Every structure is written in C-alpha cells, then in structure tokens.
file protein.tsv (TSV, N, CA and C atoms)
chain	number	residue	atom	x	y	z
A	1	PRO	N	120.87	94.82	101.19
A	1	PRO	CA	121.33	95.54	102.37
A	1	PRO	C	120.17	96.25	103.08
A	2	LEU	N	120.30	96.35	104.40
A	2	LEU	CA	119.29	97.01	105.23
A	2	LEU	C	119.85	98.32	105.75
A	3	ASP	N	118.94	99.26	106.03
A	3	ASP	CA	119.39	100.51	106.65
A	3	ASP	C	119.51	100.30	108.15
A	4	ALA	N	119.83	101.36	108.87
A	4	ALA	CA	120.07	101.26	110.32
A	4	ALA	C	118.83	100.80	111.09
A	5	GLU	N	117.64	101.01	110.51
A	5	GLU	CA	116.40	100.60	111.18
A	5	GLU	C	115.91	99.24	110.72
A	6	GLY	N	116.65	98.60	109.82
A	6	GLY	CA	116.30	97.26	109.39
A	6	GLY	C	115.41	97.19	108.16
A	7	TYR	N	115.26	98.29	107.44
A	7	TYR	CA	114.46	98.31	106.22
A	7	TYR	C	115.38	98.07	105.02
A	8	LEU	N	114.82	97.46	103.98
A	8	LEU	CA	115.58	97.27	102.75
A	8	LEU	C	115.93	98.62	102.15
A	9	VAL	N	117.16	98.79	101.73
A	9	VAL	CA	117.60	100.02	101.09
A	9	VAL	C	116.98	100.11	99.70
A	10	ASP	N	116.98	99.00	98.98
A	10	ASP	CA	116.43	98.95	97.63
A	10	ASP	C	115.29	97.95	97.59
A	11	PRO	N	114.05	98.40	97.33
A	11	PRO	CA	112.91	97.47	97.32
A	11	PRO	C	113.07	96.36	96.28
A	12	ASN	N	113.90	96.56	95.28
A	12	ASN	CA	114.12	95.51	94.29
A	12	ASN	C	114.90	94.33	94.84
A	13	ASP	N	115.50	94.49	96.02
A	13	ASP	CA	116.21	93.40	96.66
A	13	ASP	C	115.28	92.43	97.38
A	14	TRP	N	114.00	92.80	97.46
A	14	TRP	CA	113.04	91.98	98.20
A	14	TRP	C	112.79	90.66	97.49
A	15	THR	N	112.77	89.59	98.27
A	15	THR	CA	112.34	88.27	97.82
A	15	THR	C	111.59	87.63	98.97
A	16	GLU	N	110.89	86.56	98.70
A	16	GLU	CA	110.21	85.85	99.79
A	16	GLU	C	111.24	85.30	100.78
A	17	ALA	N	112.40	84.91	100.29
A	17	ALA	CA	113.46	84.42	101.19
A	17	ALA	C	113.90	85.53	102.14
A	18	VAL	N	113.99	86.76	101.64
A	18	VAL	CA	114.34	87.90	102.49
A	18	VAL	C	113.27	88.09	103.56
A	19	ALA	N	112.00	88.01	103.15
A	19	ALA	CA	110.90	88.17	104.10
A	19	ALA	C	110.97	87.11	105.20
A	20	ILE	N	111.23	85.88	104.81
A	20	ILE	CA	111.33	84.79	105.78
A	20	ILE	C	112.47	85.05	106.77
A	21	GLU	N	113.60	85.49	106.26
A	21	GLU	CA	114.76	85.74	107.13
A	21	GLU	C	114.49	86.91	108.07
A	22	LEU	N	113.91	87.98	107.57
A	22	LEU	CA	113.61	89.13	108.44
A	22	LEU	C	112.60	88.74	109.52
A	23	ALA	N	111.60	87.97	109.15
A	23	ALA	CA	110.63	87.51	110.13
A	23	ALA	C	111.29	86.59	111.16
A	24	ARG	N	112.16	85.70	110.70
A	24	ARG	CA	112.86	84.79	111.61
A	24	ARG	C	113.65	85.57	112.65
A	25	ARG	N	114.30	86.65	112.22
A	25	ARG	CA	115.08	87.48	113.14
A	25	ARG	C	114.20	88.09	114.22
A	26	GLU	N	112.93	88.27	113.91
A	26	GLU	CA	111.98	88.84	114.87
A	26	GLU	C	111.23	87.76	115.64
A	27	GLY	N	111.56	86.49	115.37
A	27	GLY	CA	110.90	85.38	116.06
A	27	GLY	C	109.51	85.08	115.52
A	28	ILE	N	109.27	85.40	114.25
A	28	ILE	CA	107.95	85.23	113.65
A	28	ILE	C	108.03	84.18	112.54
A	29	THR	N	107.09	83.25	112.56
A	29	THR	CA	106.92	82.30	111.46
A	29	THR	C	105.77	82.83	110.61
A	30	LEU	N	106.05	83.11	109.36
A	30	LEU	CA	105.04	83.68	108.48
A	30	LEU	C	104.01	82.63	108.09
A	31	GLY	N	102.73	82.96	108.38
A	31	GLY	CA	101.63	82.07	108.03
A	31	GLY	C	100.89	82.57	106.80
A	32	GLU	N	99.81	81.89	106.47
A	32	GLU	CA	99.03	82.20	105.28
A	32	GLU	C	98.55	83.66	105.28
A	33	ASP	N	98.06	84.13	106.42
A	33	ASP	CA	97.56	85.52	106.47
A	33	ASP	C	98.70	86.53	106.31
A	34	HIS	N	99.86	86.23	106.88
A	34	HIS	CA	101.01	87.11	106.68
A	34	HIS	C	101.33	87.22	105.19
A	35	TRP	N	101.43	86.03	104.54
A	35	TRP	CA	101.80	86.03	103.12
A	35	TRP	C	100.77	86.75	102.27
A	36	ASP	N	99.49	86.57	102.60
A	36	ASP	CA	98.45	87.26	101.85
A	36	ASP	C	98.65	88.78	101.96
A	37	ALA	N	98.87	89.25	103.17
A	37	ALA	CA	99.06	90.70	103.38
A	37	ALA	C	100.36	91.18	102.72
A	38	ILE	N	101.42	90.40	102.85
A	38	ILE	CA	102.71	90.78	102.25
A	38	ILE	C	102.59	90.86	100.74
A	39	ARG	N	101.97	89.85	100.15
A	39	ARG	CA	101.83	89.86	98.68
A	39	ARG	C	100.93	91.00	98.22
A	40	PHE	N	99.89	91.29	98.99
A	40	PHE	CA	99.05	92.44	98.66
A	40	PHE	C	99.88	93.73	98.69
A	41	MET	N	100.68	93.90	99.74
A	41	MET	CA	101.50	95.11	99.87
A	41	MET	C	102.52	95.20	98.74
A	42	ARG	N	103.09	94.08	98.34
A	42	ARG	CA	104.06	94.09	97.24
A	42	ARG	C	103.38	94.50	95.93
A	43	ARG	N	102.20	93.92	95.66
A	43	ARG	CA	101.47	94.29	94.43
A	43	ARG	C	101.11	95.77	94.46
A	44	PHE	N	100.64	96.25	95.61
A	44	PHE	CA	100.26	97.65	95.75
A	44	PHE	C	101.47	98.54	95.44
A	45	TYR	N	102.61	98.17	96.01
A	45	TYR	CA	103.82	98.95	95.78
A	45	TYR	C	104.22	98.94	94.29
A	46	GLU	N	104.19	97.78	93.69
A	46	GLU	CA	104.57	97.68	92.27
A	46	GLU	C	103.65	98.50	91.38
A	47	GLU	N	102.34	98.54	91.72
A	47	GLU	CA	101.38	99.28	90.91
A	47	GLU	C	101.40	100.78	91.17
A	48	ASN	N	101.71	101.19	92.41
A	48	ASN	CA	101.59	102.59	92.80
A	48	ASN	C	102.91	103.27	93.16
A	49	GLN	N	103.97	102.50	93.28
A	49	GLN	CA	105.28	103.02	93.67
A	49	GLN	C	105.26	103.75	95.02
A	50	VAL	N	104.35	103.31	95.87
A	50	VAL	CA	104.25	103.82	97.24
A	50	VAL	C	103.73	102.66	98.10
A	51	ALA	N	104.20	102.59	99.33
A	51	ALA	CA	103.77	101.52	100.22
A	51	ALA	C	102.30	101.70	100.63
A	52	ALA	N	101.58	100.60	100.70
A	52	ALA	CA	100.19	100.62	101.14
A	52	ALA	C	100.16	100.93	102.63
A	53	ASP	N	99.28	101.85	103.03
A	53	ASP	CA	99.16	102.10	104.46
A	53	ASP	C	98.19	101.07	105.06
A	54	ALA	N	98.08	101.07	106.37
A	54	ALA	CA	97.29	100.06	107.08
A	54	ALA	C	95.84	100.02	106.60
A	55	ARG	N	95.26	101.17	106.25
A	55	ARG	CA	93.86	101.18	105.79
A	55	ARG	C	93.65	100.26	104.60
A	56	PHE	N	94.57	100.30	103.63
A	56	PHE	CA	94.43	99.48	102.43
A	56	PHE	C	94.63	98.00	102.76
A	57	VAL	N	95.57	97.71	103.62
A	57	VAL	CA	95.84	96.32	103.99
A	57	VAL	C	94.65	95.75	104.76
A	58	ILE	N	94.12	96.51	105.71
A	58	ILE	CA	92.97	96.04	106.49
A	58	ILE	C	91.76	95.86	105.58
A	59	ARG	N	91.55	96.78	104.66
A	59	ARG	CA	90.43	96.66	103.71
A	59	ARG	C	90.60	95.39	102.88
A	60	HIS	N	91.81	95.12	102.43
A	60	HIS	CA	92.09	93.91	101.66
A	60	HIS	C	91.78	92.66	102.50
A	61	LEU	N	92.28	92.62	103.72
A	61	LEU	CA	92.06	91.46	104.58
A	61	LEU	C	90.59	91.28	104.92
A	62	THR	N	89.89	92.38	105.17
A	62	THR	CA	88.47	92.29	105.49
A	62	THR	C	87.70	91.74	104.30
A	63	GLY	N	88.06	92.18	103.08
A	63	GLY	CA	87.41	91.65	101.89
A	63	GLY	C	87.66	90.17	101.71
A	64	ARG	N	88.82	89.73	102.07
A	64	ARG	CA	89.18	88.31	101.92
A	64	ARG	C	88.61	87.45	103.04
A	65	LEU	N	88.67	87.96	104.26
A	65	LEU	CA	88.32	87.14	105.43
A	65	LEU	C	86.93	87.39	105.98
A	66	GLY	N	86.31	88.50	105.57
A	66	GLY	CA	85.00	88.84	106.10
A	66	GLY	C	85.08	89.18	107.57
A	67	PRO	N	84.03	88.85	108.33
A	67	PRO	CA	84.00	89.22	109.76
A	67	PRO	C	85.17	88.66	110.57
A	68	ALA	N	85.75	87.56	110.11
A	68	ALA	CA	86.88	86.98	110.84
A	68	ALA	C	88.09	87.92	110.83
A	69	ALA	N	88.10	88.87	109.91
A	69	ALA	CA	89.23	89.79	109.81
A	69	ALA	C	89.40	90.61	111.08
A	70	ARG	N	88.31	90.90	111.76
A	70	ARG	CA	88.42	91.70	112.99
A	70	ARG	C	89.30	91.00	114.01
A	71	LYS	N	89.08	89.70	114.20
A	71	LYS	CA	89.89	88.94	115.15
A	71	LYS	C	91.33	88.88	114.67
A	72	ARG	N	91.52	88.64	113.39
A	72	ARG	CA	92.87	88.53	112.85
A	72	ARG	C	93.56	89.89	112.85
A	73	ARG	N	92.78	90.95	112.65
A	73	ARG	CA	93.37	92.29	112.68
A	73	ARG	C	93.92	92.57	114.08
A	74	ALA	N	93.21	92.12	115.10
A	74	ALA	CA	93.70	92.31	116.47
A	74	ALA	C	94.99	91.52	116.67
A	75	ALA	N	95.05	90.32	116.12
A	75	ALA	CA	96.27	89.51	116.23
A	75	ALA	C	97.39	90.18	115.46
A	76	TRP	N	97.08	90.76	114.31
A	76	TRP	CA	98.08	91.47	113.49
A	76	TRP	C	98.70	92.60	114.29
A	77	ARG	N	97.86	93.35	115.02
A	77	ARG	CA	98.37	94.46	115.82
A	77	ARG	C	99.34	93.96	116.89
A	78	ARG	N	99.05	92.79	117.43
A	78	ARG	CA	99.94	92.25	118.46
A	78	ARG	C	101.26	91.78	117.87
A	79	ARG	N	101.24	91.31	116.63
A	79	ARG	CA	102.44	90.73	116.07
A	79	ARG	C	102.48	90.87	114.55
A	80	PRO	N	102.74	92.06	114.04
A	80	PRO	CA	102.80	92.25	112.58
A	80	PRO	C	104.08	91.63	112.01
A	81	PRO	N	104.05	91.29	110.72
A	81	PRO	CA	105.29	90.79	110.13
A	81	PRO	C	106.36	91.87	110.16
A	82	ALA	N	107.55	91.48	110.44
A	82	ALA	CA	108.64	92.43	110.63
A	82	ALA	C	109.23	92.88	109.30
A	83	ARG	N	108.94	94.09	108.91
A	83	ARG	CA	109.59	94.72	107.74
A	83	ARG	C	109.67	93.78	106.54
A	84	CYS	N	108.58	93.09	106.27
A	84	CYS	CA	108.62	92.13	105.17
A	84	CYS	C	108.06	92.72	103.88
A	85	GLY	N	107.50	93.89	103.95
A	85	GLY	CA	106.98	94.53	102.76
A	85	GLY	C	108.06	95.39	102.11
A	86	PRO	N	107.64	96.29	101.28
A	86	PRO	CA	108.61	97.15	100.60
A	86	PRO	C	109.38	98.02	101.58
A	87	SER	N	110.50	98.50	101.12
A	87	SER	CA	111.28	99.38	101.99
A	87	SER	C	110.52	100.66	102.24
A	88	ARG	N	110.89	101.33	103.29
A	88	ARG	CA	110.28	102.60	103.63
A	88	ARG	C	110.66	103.64	102.60
A	89	PRO	N	109.72	104.56	102.28
A	89	PRO	CA	110.05	105.62	101.31
A	89	PRO	C	111.13	106.55	101.82
call {"tool": "encode", "arguments": {"input": "protein.tsv", "output": "structure tokens"}}
result
Amino acid sequence: PLDAEGYLVDPNDWTEAVAIELARREGITLGEDHWDAIRFMRRFYEENQVAADARFVIRHLTGRLGPAARKRRAAWRRRPPARCGPSRP
C-alpha cells in the first residue's frame, strides 16, 4: 500500500516489480543507471535503516561512472525514478 503522496507505507513491501509499476505510472522506463541507483539506495537503507540522501547516491554514481556521471546526474535531475527507493521515513 502507498500513502497519500505515493510512498510505500512499509519498506518491506518493496520489490523490483513495485519499482517498475511506480515508474510506469510516472511514464518512466527504468534503465541500467536507474537500477544501479535504486539498488544502491536499497542496500544503503538495509544497512543503515535510513534512506540515502542525494549526496550518497551521487557519490556512488560518480564512483561507478567517473566523469560521465556529471552528464547523467543532470539527466537524473530532469527525470529521477519515481519513488522507487525505500519509503519515506
């Protein structure tokens, strides 16, 4: 179940199928970079019990993509995945 703002009520309800459906509702097809960021955020949440903020996600992507991350980060700002990570605290 989702709350009034479209976030998962219980983060344990999250699955990749849920992520795909939420993205579809927003008109987004999840690509490799989306999945990399989503999986990073899920691992971060599981390890820390708190959602990763943008600084950690950008640092992760920059480490993975190198200088190309700047261009992709700009694209991310234009069209981030829709509520595909953990639910809001």
call {"tool": "atom_distance", "arguments": {"input": "protein.tsv", "atom1": "atom N of Ala19 in chain A", "atom2": "CA of Ile58 in chain A"}}
result
20.9 Å
call {"tool": "atom_distance", "arguments": {"input": "protein.tsv", "atom1": "CA of His60 in chain A", "atom2": "atom N of Glu16 in chain A"}}
result
20.4 Å
call {"tool": "atom_distance", "arguments": {"input": "protein.tsv", "atom1": "CA of Val50 in chain A", "atom2": "CA of Asp13 in chain A"}}
result
15.9 Å
call {"tool": "closest_residue", "arguments": {"input": "protein.tsv", "among": "A:Ala4, A:Ile20, A:Leu65, A:Val57", "to": "Arg43 in chain A", "atoms": "only C-alpha atoms"}}
result
A:Val57
